[in-house]
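Novice: Supplied structure: final-v9.txt, compact mmCIF, C-alpha atoms.
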# COMPACT_ATOMS: atom_id res chain seq x y z
CA MET A 1 344.31 -51.86 164.50
CA ALA A 2 342.45 -49.64 166.88
CA VAL A 3 339.70 -47.52 165.37
CA PRO A 4 339.72 -43.99 166.70
CA SER A 5 336.42 -42.80 168.17
CA PRO A 6 334.66 -40.02 166.27
CA THR A 7 335.08 -36.59 167.71
CA PHE A 8 331.87 -34.63 168.56
CA SER A 9 331.59 -31.04 169.66
CA LEU A 10 328.69 -28.83 170.70
CA SER A 11 327.96 -25.53 169.02
CA LYS A 12 328.83 -22.38 170.78
CA HIS A 13 325.10 -21.54 170.60
CA SER A 14 324.32 -23.97 173.40
CA VAL A 15 321.26 -23.60 175.62
CA SER A 16 320.73 -24.34 179.24
CA ASN A 17 319.98 -27.99 179.84
CA PRO A 18 320.03 -28.84 176.12
CA PRO A 19 319.05 -32.32 174.96
CA SER A 20 321.81 -34.91 174.90
CA PHE A 21 323.53 -35.04 171.53
CA LEU A 22 325.94 -37.87 172.38
CA ALA A 23 325.34 -41.51 173.10
CA SER A 24 327.95 -41.80 175.83
CA ASN A 25 330.01 -44.93 176.09
CA PRO A 26 332.30 -45.07 179.10
CA SER A 27 334.01 -48.19 177.90
CA SER A 28 337.55 -47.83 176.55
CA ASP A 29 337.13 -50.91 174.40
CA PRO A 30 337.61 -49.74 170.79
CA SER A 31 335.06 -52.32 169.63
CA LYS A 32 332.46 -50.50 171.68
CA ALA A 33 332.88 -47.15 170.09
CA PRO A 34 330.19 -44.50 170.69
CA VAL A 35 327.13 -44.94 168.46
CA LEU A 36 325.44 -41.93 166.91
CA ARG A 37 321.67 -42.36 167.39
CA PRO A 38 319.09 -40.77 165.08
CA ARG A 39 317.72 -38.52 167.79
CA ASN A 40 321.19 -36.97 168.21
CA ALA A 41 321.94 -36.55 164.55
CA PHE A 42 321.54 -32.80 164.41
CA GLY A 43 324.22 -32.46 167.09
CA CYS A 44 326.95 -33.77 164.74
CA LYS A 45 328.91 -30.73 163.68
CA ALA A 46 331.15 -32.75 161.39
CA ASN A 47 328.26 -34.22 159.39
CA LEU A 48 325.53 -31.53 159.51
CA GLY A 49 327.42 -28.30 159.78
CA GLY A 50 325.10 -25.25 159.83
CA VAL A 51 321.98 -27.37 160.33
CA GLU A 52 323.05 -27.77 163.94
CA GLN A 53 322.75 -24.06 164.61
CA THR A 54 319.31 -23.90 163.01
CA ARG A 55 318.07 -26.82 165.09
CA LEU A 56 319.36 -25.28 168.29
CA ARG A 57 317.77 -21.92 167.52
CA LEU A 58 314.45 -23.70 166.93
CA TRP A 59 314.81 -25.55 170.24
CA ASN A 60 315.52 -22.30 172.05
CA ASN A 61 312.49 -20.63 170.43
CA LEU A 62 310.25 -23.52 171.45
CA LYS A 63 311.33 -22.98 175.04
CA THR A 64 310.71 -19.24 175.06
CA ASN A 65 307.94 -18.68 172.54
CA SER A 66 304.58 -20.05 173.78
CA ASP A 67 302.84 -19.09 170.53
CA LEU A 68 305.25 -21.25 168.58
CA ARG A 69 304.70 -24.16 170.96
CA LEU A 70 300.94 -23.87 170.54
CA GLN A 71 301.38 -23.79 166.80
CA ALA A 72 303.45 -26.96 166.98
CA LEU A 73 300.67 -28.68 168.90
CA ARG A 74 297.98 -27.79 166.41
CA GLU A 75 296.57 -30.35 163.98
CA PRO A 76 298.33 -30.48 160.64
CA PRO A 77 296.40 -28.67 157.88
CA GLY A 78 295.75 -31.99 156.14
CA LEU A 79 294.19 -33.49 159.30
CA THR A 80 292.04 -30.40 159.82
CA LYS A 81 290.71 -30.66 156.29
CA GLU A 82 290.06 -34.36 156.81
CA LEU A 83 288.07 -33.73 160.00
CA GLU A 84 286.08 -30.99 158.31
CA SER A 85 285.38 -33.38 155.46
CA ASP A 86 284.19 -36.07 157.91
CA LYS A 87 281.90 -33.54 159.60
CA SER A 88 280.53 -32.46 156.25
CA GLU A 89 279.85 -36.06 155.26
CA ARG A 90 278.12 -36.72 158.57
CA MET A 91 275.88 -33.67 158.13
CA GLU A 92 275.07 -34.86 154.63
CA ARG A 93 274.13 -38.30 155.98
CA ILE A 94 271.86 -36.71 158.56
CA GLU A 95 270.21 -34.54 155.90
CA HIS A 96 269.56 -37.64 153.79
CA GLY A 97 268.23 -39.59 156.77
CA THR A 98 271.04 -42.16 156.97
CA ASP A 99 271.88 -41.48 160.62
CA LEU A 100 268.17 -41.20 161.45
CA PHE A 101 267.57 -44.69 160.15
CA ASP A 102 270.65 -45.97 161.98
CA GLU A 103 269.08 -44.68 165.19
CA MET A 104 265.73 -46.14 164.21
CA LYS A 105 267.40 -49.50 163.66
CA GLN A 106 268.85 -49.43 167.17
CA ARG A 107 265.44 -48.57 168.62
CA PHE A 108 263.86 -51.48 166.76
CA LEU A 109 266.53 -53.92 167.93
CA SER A 110 266.07 -52.65 171.49
CA PHE A 111 262.30 -53.17 171.19
CA LYS A 112 262.84 -56.68 169.88
CA LYS A 113 265.25 -57.60 172.68
CA HIS A 114 263.54 -55.96 175.65
CA LYS A 115 259.85 -56.14 174.72
CA TYR A 116 259.12 -58.58 171.90
CA MET A 117 261.35 -61.41 173.05
CA GLN A 118 260.41 -60.94 176.70
CA ASN A 119 256.68 -61.04 175.84
CA LEU A 120 256.86 -63.62 173.10
CA GLU A 121 253.63 -65.38 174.13
CA LEU A 122 251.66 -62.12 173.79
CA TYR A 123 253.06 -61.34 170.34
CA GLU A 124 252.44 -64.89 169.14
CA LYS A 125 248.81 -64.50 170.22
CA LEU A 126 248.52 -61.09 168.50
CA ALA A 127 249.93 -62.62 165.30
CA LYS A 128 246.77 -64.72 165.09
CA ASP A 129 244.12 -62.21 166.12
CA GLN A 130 243.35 -58.87 167.78
CA ALA A 131 240.58 -57.89 170.19
CA PRO A 132 241.17 -54.28 171.31
CA LYS A 133 238.78 -52.70 173.78
CA PHE A 134 239.35 -49.20 172.41
CA MET A 135 239.19 -47.41 169.12
CA VAL A 136 241.14 -44.15 169.40
CA ILE A 137 240.74 -41.26 166.97
CA ALA A 138 243.60 -38.81 167.47
CA CYS A 139 245.41 -36.03 165.67
CA ALA A 140 248.31 -36.73 163.32
CA ASP A 141 250.39 -34.15 165.21
CA SER A 142 253.79 -35.68 166.05
CA ARG A 143 253.56 -34.49 169.66
CA VAL A 144 250.42 -36.39 170.61
CA CYS A 145 250.99 -40.12 170.06
CA PRO A 146 248.15 -41.86 171.99
CA SER A 147 250.24 -44.93 172.86
CA SER A 148 252.98 -42.75 174.37
CA ILE A 149 250.55 -40.54 176.29
CA LEU A 150 248.12 -43.18 177.57
CA GLY A 151 250.39 -46.21 177.59
CA PHE A 152 248.43 -48.39 175.18
CA GLN A 153 250.22 -51.68 174.63
CA PRO A 154 250.10 -53.70 171.39
CA GLY A 155 246.62 -55.12 170.89
CA GLU A 156 244.86 -52.70 173.27
CA ALA A 157 243.77 -49.91 170.92
CA PHE A 158 242.82 -49.64 167.26
CA VAL A 159 244.11 -46.17 166.34
CA VAL A 160 243.15 -43.82 163.51
CA ARG A 161 244.94 -40.48 163.23
CA ASN A 162 244.05 -37.56 161.02
CA VAL A 163 244.36 -33.77 160.93
CA ALA A 164 242.64 -32.30 164.01
CA ASN A 165 241.23 -35.69 165.14
CA MET A 166 237.93 -35.12 163.31
CA VAL A 167 235.11 -37.56 162.61
CA PRO A 168 233.10 -36.60 159.52
CA PRO A 169 229.33 -37.20 159.58
CA TYR A 170 227.94 -40.31 157.94
CA GLU A 171 226.44 -38.35 155.03
CA ASN A 172 229.86 -37.04 153.97
CA GLY A 173 230.68 -40.38 152.40
CA PRO A 174 233.70 -42.66 152.62
CA SER A 175 237.00 -41.63 154.17
CA GLU A 176 239.83 -43.51 155.83
CA THR A 177 238.48 -42.40 159.21
CA ASN A 178 234.98 -43.82 158.88
CA ALA A 179 236.34 -46.91 157.12
CA GLY A 180 238.44 -47.55 160.23
CA LEU A 181 235.40 -46.78 162.36
CA GLU A 182 233.30 -49.36 160.54
CA PHE A 183 235.99 -52.02 160.92
CA ALA A 184 236.58 -51.30 164.61
CA VAL A 185 232.89 -51.30 165.59
CA ASN A 186 231.47 -54.02 163.34
CA SER A 187 234.43 -56.41 163.02
CA LEU A 188 236.61 -55.89 166.08
CA LYS A 189 233.62 -55.18 168.35
CA VAL A 190 235.39 -52.46 170.32
CA GLU A 191 233.57 -51.35 173.45
CA ASN A 192 234.86 -47.78 173.60
CA ILE A 193 235.59 -45.01 171.11
CA LEU A 194 237.87 -42.25 172.39
CA VAL A 195 238.35 -39.02 170.41
CA ILE A 196 241.38 -37.09 171.66
CA GLY A 197 241.93 -33.38 171.00
CA HIS A 198 245.04 -31.48 172.06
CA SER A 199 246.55 -28.09 172.76
CA ARG A 200 247.98 -25.86 170.01
CA CYS A 201 246.36 -27.87 167.23
CA GLY A 202 247.29 -26.54 163.80
CA GLY A 203 244.15 -27.98 162.23
CA ILE A 204 241.91 -26.13 164.68
CA ARG A 205 243.80 -22.89 164.06
CA ALA A 206 243.18 -23.38 160.35
CA LEU A 207 239.48 -23.94 161.08
CA MET A 208 239.25 -20.83 163.27
CA SER A 209 241.02 -18.77 160.59
CA MET A 210 238.46 -19.66 157.92
CA HIS A 211 235.62 -17.42 156.79
CA ASP A 212 232.06 -18.41 157.55
CA ASP A 213 231.68 -19.73 154.03
CA VAL A 214 233.61 -22.96 153.62
CA GLU A 215 236.99 -22.59 151.95
CA THR A 216 237.59 -25.47 149.57
CA SER A 217 240.68 -24.09 147.87
CA SER A 218 242.96 -26.36 149.89
CA LEU A 219 242.80 -29.96 151.04
CA ILE A 220 243.28 -28.88 154.66
CA GLY A 221 240.49 -26.31 154.38
CA SER A 222 238.13 -28.88 152.91
CA TRP A 223 238.94 -31.39 155.64
CA VAL A 224 238.77 -29.14 158.72
CA SER A 225 235.45 -27.71 157.54
CA VAL A 226 234.07 -30.92 159.07
CA GLY A 227 234.33 -28.99 162.34
CA MET A 228 232.45 -25.92 161.15
CA ASN A 229 229.71 -26.41 163.76
CA ALA A 230 232.37 -26.34 166.48
CA ARG A 231 233.75 -23.13 165.03
CA VAL A 232 230.32 -21.47 164.98
CA LYS A 233 229.62 -22.47 168.60
CA THR A 234 233.06 -21.28 169.68
CA LYS A 235 232.66 -17.89 168.01
CA ALA A 236 229.31 -17.42 169.73
CA ALA A 237 230.63 -18.38 173.18
CA THR A 238 234.01 -16.62 173.12
CA LYS A 239 233.41 -13.19 171.59
CA LEU A 240 235.44 -11.44 174.28
CA LEU A 241 238.41 -13.81 174.13
CA ASN A 242 241.52 -13.43 172.00
CA PHE A 243 242.28 -15.73 169.08
CA ASP A 244 244.51 -18.15 171.02
CA GLN A 245 241.86 -18.55 173.73
CA GLN A 246 239.20 -19.11 171.09
CA CYS A 247 241.33 -21.83 169.49
CA LYS A 248 241.75 -23.61 172.83
CA HIS A 249 237.99 -23.52 173.37
CA CYS A 250 237.42 -24.90 169.87
CA GLU A 251 239.93 -27.70 170.42
CA LYS A 252 237.54 -29.14 173.01
CA GLU A 253 234.34 -28.14 171.22
CA SER A 254 235.46 -29.96 168.07
CA VAL A 255 235.85 -33.16 170.09
CA ASN A 256 232.18 -32.92 171.11
CA CYS A 257 231.31 -32.19 167.49
CA SER A 258 233.02 -35.46 166.54
CA LEU A 259 231.14 -37.34 169.26
CA VAL A 260 227.88 -36.07 167.82
CA ASN A 261 229.02 -37.03 164.31
CA LEU A 262 229.74 -40.55 165.54
CA LEU A 263 226.05 -40.95 166.31
CA THR A 264 225.13 -40.23 162.68
CA TYR A 265 226.42 -43.72 161.84
CA PRO A 266 223.41 -46.03 162.34
CA TRP A 267 225.38 -48.98 163.66
CA VAL A 268 227.26 -46.74 166.13
CA GLU A 269 224.10 -45.07 167.40
CA GLU A 270 222.38 -48.44 167.82
CA LYS A 271 225.20 -49.88 169.91
CA VAL A 272 225.43 -46.74 172.05
CA ARG A 273 221.68 -46.79 172.62
CA ASN A 274 221.81 -50.47 173.64
CA GLY A 275 224.74 -49.92 176.00
CA GLU A 276 227.13 -52.03 173.92
CA LEU A 277 229.38 -49.11 173.04
CA ALA A 278 230.47 -45.97 174.89
CA ILE A 279 231.93 -42.90 173.25
CA HIS A 280 234.35 -40.63 175.08
CA GLY A 281 236.15 -37.35 174.59
CA GLY A 282 239.66 -36.52 175.70
CA TYR A 283 241.90 -33.45 175.67
CA TYR A 284 245.67 -33.56 176.05
CA ASP A 285 247.39 -30.33 177.06
CA PHE A 286 251.05 -30.98 176.29
CA VAL A 287 252.07 -27.52 177.55
CA ASP A 288 251.14 -28.40 181.15
CA CYS A 289 251.06 -32.19 180.63
CA ALA A 290 247.44 -32.60 181.74
CA PHE A 291 244.68 -34.81 180.40
CA GLU A 292 240.93 -34.28 180.57
CA LYS A 293 238.48 -37.10 179.90
CA TRP A 294 234.70 -37.20 179.62
CA THR A 295 231.96 -39.56 178.39
CA LEU A 296 228.97 -38.64 176.24
CA ASP A 297 225.71 -39.01 178.17
CA TYR A 298 223.52 -40.37 175.40
CA LYS A 299 220.27 -40.33 177.36
CA GLU A 300 220.66 -36.75 178.56
CA SER A 301 221.88 -35.28 175.28
CA ASN A 302 219.50 -33.60 172.86
CA LEU A 303 220.88 -34.57 169.49
CA LYS A 304 217.81 -34.08 167.32
CA ASP A 305 219.34 -30.99 165.68
CA LYS A 306 222.83 -29.66 165.15
CA SER A 307 222.46 -27.00 167.82
CA GLY A 308 221.20 -29.50 170.37
CA LYS A 309 222.60 -29.99 173.85
CA VAL A 310 225.53 -32.35 174.32
CA ALA A 311 225.54 -33.76 177.84
CA VAL A 312 228.61 -35.42 179.32
CA LYS A 313 229.33 -37.47 182.42
CA ASP A 314 232.27 -39.01 184.27
CA ARG A 315 234.46 -35.98 183.62
CA ALA A 316 237.93 -36.42 185.05
CA PHE A 317 241.18 -34.43 185.11
CA TRP A 318 244.55 -36.11 185.24
CA PHE A 319 247.53 -33.92 186.07
Translate this structure into structure tokens?
Specialist:
Amino acid sequence: MAVPSPTFSLSKHSVSNPPSFLASNPSSDPSKAPVLRPRNAFGCKANLGGVEQTRLRLWNNLKTNSDLRLQALREPPGLTKELESDKSERMERIEHGTDLFDEMKQRFLSFKKHKYMQNLELYEKLAKDQAPKFMVIACADSRVCPSSILGFQPGEAFVVRNVANMVPPYENGPSETNAGLEFAVNSLKVENILVIGHSRCGGIRALMSMHDDVETSSLIGSWVSVGMNARVKTKAATKLLNFDQQCKHCEKESVNCSLVNLLTYPWVEEKVRNGELAIHGGYYDFVDCAFEKWTLDYKESNLKDKSGKVAVKDRAFWF
């Protein structure tokens, strides 16, 4: 018995060029009757009734109402909340250092691959011993890493960093700075000591902001008072300059103060006098990316008193 094909009709609320609601089947074979596909379901007047009209009105609105189309393209509220949640979690990871350590890990692995493994013989040698030519005393400021600025490679420089790159005099007693100094000079037999000052040094600004009587109410105040002689000399030489200019002058003067303090260590002074050790000053201006270097002239300097003359030689400017 032949099965009659279902009858379909379009609503009177048709639109121009509407989507196809029928799966056409030109064959007259009753066994190949038209098939209603899911995408055409809302066109079935017999089965969906009034839903058809609602669907067509929505289609018409989508064609004529750009705001509605934009709304349809927007992320679902649930997805928006999920993305905001992911962003919040990422910010929280950054605040807790998780992402920072992920980046640090990648830097380490890059160092291992491109430097360590490619210079394996050097690192195997350094694992057994070190013989640096330089001891560097630099500021702890994050902007003035000596190895980055001067290109020191592993094994080339024994580095001590502290606030304002200061060297306390021998009579001040033990500190991590002069402990490192003793090790570098007497054990490692370094041939050069380089003290590096720098622009916009917070420690020097703290020193220049102090009163003439030493402030010991803070750890920073107690430490930077090591450079009090530099402060006194700066004040005397820069009376007509503003505070920022005075600080810049003191940043260099404090380096010379540290060079003089180095000579209060008997074993340093002896090696300098015998020509076995040279002590140098440096100044890194990271505003203009310039470097100034000089060497203490031991024979020409008058270091018998604290106000004595400090002579330098081999001054050079790199910019």
Novice: How far is it from atom CA of A:Cys257 to atom CA of A:Cys289, in Å with one decimal?
Specialist: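 Here the two named atoms are 23.7 Å from each other.
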Novice: When you count only C-alpha atoms, which of these residues is closest to A:Val226: A:Val255, A:Leu241, A:Ala278, A:Leu194?
Specialist: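 Closest to A:Val226, using only C-alpha atoms: A:Val255.
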Novice: Leaving out A:Ile279 and any residue of its chain fewer than 4 positions from it, which residues lie within 7 Å of it when counting only C-alpha atoms, given as a PDB file with C-alpha atoms, keeping the file's coordinate frame?
Specialist:
ATOM      1  CA  ASN A 192     234.860 -47.780 173.600  1.00  0.00           C
ATOM      2  CA  ILE A 193     235.590 -45.010 171.110  1.00  0.00           C
ATOM      3  CA  LEU A 194     237.870 -42.250 172.390  1.00  0.00           C
ATOM      4  CA  LEU A 259     231.140 -37.340 169.260  1.00  0.00           C
ATOM      5  CA  THR A 295     231.960 -39.560 178.390  1.00  0.00           C
ATOM      6  CA  LEU A 296     228.970 -38.640 176.240  1.00  0.00           C
TER       7      LEU A 296
END
Novice: List every residue of stretch 178-199 of chain A that has an atom at most 12 Å from any atom of stretch 146-155 of chain A, giving for each one its closest atom pair and the distance in Å to one decimal, counting all atoms listed in the file, sorted by chain and then by ascending residue number, as JSON lines.
Specialist:
{"residue": "A:Leu188", "atom": "CA", "partner": "A:Gly155", "partner_atom": "CA", "distance": 11.1}
{"residue": "A:Val190", "atom": "CA", "partner": "A:Gly155", "partner_atom": "CA", "distance": 11.6}
{"residue": "A:Leu194", "atom": "CA", "partner": "A:Pro146", "partner_atom": "CA", "distance": 10.3}
{"residue": "A:Val195", "atom": "CA", "partner": "A:Pro146", "partner_atom": "CA", "distance": 10.3}
{"residue": "A:Ile196", "atom": "CA", "partner": "A:Pro146", "partner_atom": "CA", "distance": 8.3}
{"residue": "A:Gly197", "atom": "CA", "partner": "A:Pro146", "partner_atom": "CA", "distance": 10.6}
{"residue": "A:His198", "atom": "CA", "partner": "A:Pro146", "partner_atom": "CA", "distance": 10.8}
Novice: How would you write as a list in words the residues that get within 12 Å of (254.0, -35.6, 167.8) in the file's frame, counting all atoms listed in the file?
Specialist: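 Using all atoms listed in the file, the matching residues come out as Ala138, Cys139, Ala140, Asp141, Ser142, Arg143, Val144, Cys145, Pro146, Ser147, Ser148, Ile149, Arg161, Val163, His198, Ser199, Arg200, Cys201, Gly202, Tyr284 and Phe286 of chain A.
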Novice: I need the chosen residues saved as a short mmCIF file (atom, residue, chain, number, x, y, z; two decimals), in the coordinates of the input, with C-alpha atoms.
Specialist:
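Result written to selection-v6.cif:
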data_model
loop_
_atom_site.label_atom_id
_atom_site.label_comp_id
_atom_site.auth_asym_id
_atom_site.auth_seq_id
_atom_site.Cartn_x
_atom_site.Cartn_y
_atom_site.Cartn_z
CA ALA A 138 243.60 -38.81 167.47
CA CYS A 139 245.41 -36.03 165.67
CA ALA A 140 248.31 -36.73 163.32
CA ASP A 141 250.39 -34.15 165.21
CA SER A 142 253.79 -35.68 166.05
CA ARG A 143 253.56 -34.49 169.66
CA VAL A 144 250.42 -36.39 170.61
CA CYS A 145 250.99 -40.12 170.06
CA PRO A 146 248.15 -41.86 171.99
CA SER A 147 250.24 -44.93 172.86
CA SER A 148 252.98 -42.75 174.37
CA ILE A 149 250.55 -40.54 176.29
CA ARG A 161 244.94 -40.48 163.23
CA VAL A 163 244.36 -33.77 160.93
CA HIS A 198 245.04 -31.48 172.06
CA SER A 199 246.55 -28.09 172.76
CA ARG A 200 247.98 -25.86 170.01
CA CYS A 201 246.36 -27.87 167.23
CA GLY A 202 247.29 -26.54 163.80
CA TYR A 284 245.67 -33.56 176.05
CA PHE A 286 251.05 -30.98 176.29
#
Novice: Counting only C-alpha atoms, which residue out of A:Ser225, A:Leu109, A:Leu240, A:Ala316 sits closest to A:Asn172?
Specialist: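 Among the listed residues, A:Ser225 lies closest to A:Asn172.
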Novice: Please determine, counting only C-alpha atoms, which residue among A:Ser187, A:Glu251, A:Pro169, A:Asn178 has the shortest atom-to-atom distance to A:Leu263.
Specialist: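 Smallest distance to A:Leu263 is found for A:Pro169.
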Novice: Could you please determine the separation between atom CA of A:Lys189 and atom CA of A:Glu253 in Å, to one decimal place?
Specialist: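 Distance reported for this atom pair: 27.2 Å.
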Novice: Step by step: start from the point (243.9, -46.3, 173.6) in the file's coordinates, keep every protein, DNA or RNA residue that has an atom no farther than 6 Å from it, count all atoms listed in the file, and write the set as JSON, numbers by chain.
Specialist: {"A": [134, 136, 152, 157]}
Novice: Please dump the current selection as a CSV table (one decimal), in the frame of the given file; keep C-alpha atoms.
Specialist:
chain,number,residue,atom,x,y,z
A,134,PHE,CA,239.4,-49.2,172.4
A,136,VAL,CA,241.1,-44.2,169.4
A,152,PHE,CA,248.4,-48.4,175.2
A,157,ALA,CA,243.8,-49.9,170.9
Novice: Residues near A:Glu269, anyone? I mean within 12 Å using all atoms listed in the file, not counting same-chain ones fewer than 3 positions away, as a list in words.
Specialist: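 Using all atoms listed in the file, the neighbours found are Tyr170, Val185, Leu259, Val260, Asn261, Leu262, Leu263, Thr264, Tyr265, Pro266, Val272, Arg273, Asn274, Gly275, Glu276, Leu277, Ala278, Ile279, Leu296, Tyr298, Lys299 and Leu303 of chain A.
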Novice: Pick out the closest residue to A:Trp223 from this set: A:Ser88, A:Lys239, A:Met166, A:Arg107. Count all atoms listed in the file.
Specialist: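 Once distances to A:Trp223 are computed over all atoms listed in the file, the minimum belongs to A:Met166.
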Novice: Between atom CA of A:Val159 and atom CA of A:Asn119, what is the spacing in Å?
Specialist: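 These two atoms are separated by 21.7 Å.
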Novice: Using only C-alpha atoms, which residues sit within 12 Å of A:Ala236 once same-chain residues fewer than 5 positions away are excluded, as a VMD selection string?
Specialist: chain A and resid 229 to 231 241 246 249 to 250 253 307
Novice: Could you complete stretch 156-175 of chain A so that it carries N, CA and C atoms, and give it back as a compact mmCIF listing (two decimals), in the coordinates of the input?
Specialist:
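To be explicit, this is the file written out as result.txt:
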# COMPACT_ATOMS: atom_id res chain seq x y z
N GLU A 156 245.84 -53.33 172.38
CA GLU A 156 244.86 -52.70 173.27
C GLU A 156 244.00 -51.64 172.59
N ALA A 157 244.52 -51.00 171.54
CA ALA A 157 243.77 -49.91 170.92
C ALA A 157 243.95 -49.93 169.40
N PHE A 158 242.82 -49.80 168.72
CA PHE A 158 242.82 -49.64 167.26
C PHE A 158 242.83 -48.13 167.01
N VAL A 159 243.89 -47.63 166.40
CA VAL A 159 244.11 -46.17 166.34
C VAL A 159 244.00 -45.65 164.91
N VAL A 160 243.22 -44.58 164.77
CA VAL A 160 243.15 -43.82 163.51
C VAL A 160 243.57 -42.40 163.83
N ARG A 161 244.48 -41.86 163.02
CA ARG A 161 244.94 -40.48 163.23
C ARG A 161 244.72 -39.67 161.97
N ASN A 162 244.24 -38.46 162.15
CA ASN A 162 244.05 -37.56 161.02
C ASN A 162 244.28 -36.12 161.48
N VAL A 163 244.17 -35.18 160.58
CA VAL A 163 244.36 -33.77 160.93
C VAL A 163 243.22 -33.32 161.85
N ALA A 164 243.58 -32.86 163.03
CA ALA A 164 242.64 -32.30 164.01
C ALA A 164 241.66 -33.32 164.57
N ASN A 165 242.01 -34.61 164.51
CA ASN A 165 241.23 -35.69 165.14
C ASN A 165 239.72 -35.58 164.88
N MET A 166 239.35 -35.35 163.63
CA MET A 166 237.93 -35.12 163.31
C MET A 166 237.25 -36.38 162.79
N VAL A 167 235.97 -36.50 163.13
CA VAL A 167 235.11 -37.56 162.61
C VAL A 167 234.07 -36.91 161.71
N PRO A 168 234.10 -37.18 160.41
CA PRO A 168 233.10 -36.60 159.52
C PRO A 168 231.74 -37.26 159.72
N PRO A 169 230.65 -36.57 159.46
CA PRO A 169 229.33 -37.20 159.58
C PRO A 169 229.13 -38.28 158.53
N TYR A 170 228.21 -39.16 158.81
CA TYR A 170 227.94 -40.31 157.94
C TYR A 170 227.63 -39.87 156.51
N GLU A 171 226.88 -38.78 156.36
CA GLU A 171 226.44 -38.35 155.03
C GLU A 171 227.57 -37.80 154.17
N ASN A 172 228.73 -37.56 154.76
CA ASN A 172 229.86 -37.04 153.97
C ASN A 172 230.47 -38.08 153.05
N GLY A 173 230.14 -39.33 153.27
CA GLY A 173 230.68 -40.38 152.40
C GLY A 173 231.96 -40.99 152.94
N PRO A 174 232.54 -41.89 152.15
CA PRO A 174 233.70 -42.66 152.62
C PRO A 174 234.94 -41.80 152.88
N SER A 175 235.68 -42.19 153.88
CA SER A 175 237.00 -41.63 154.17
C SER A 175 237.76 -42.69 154.94
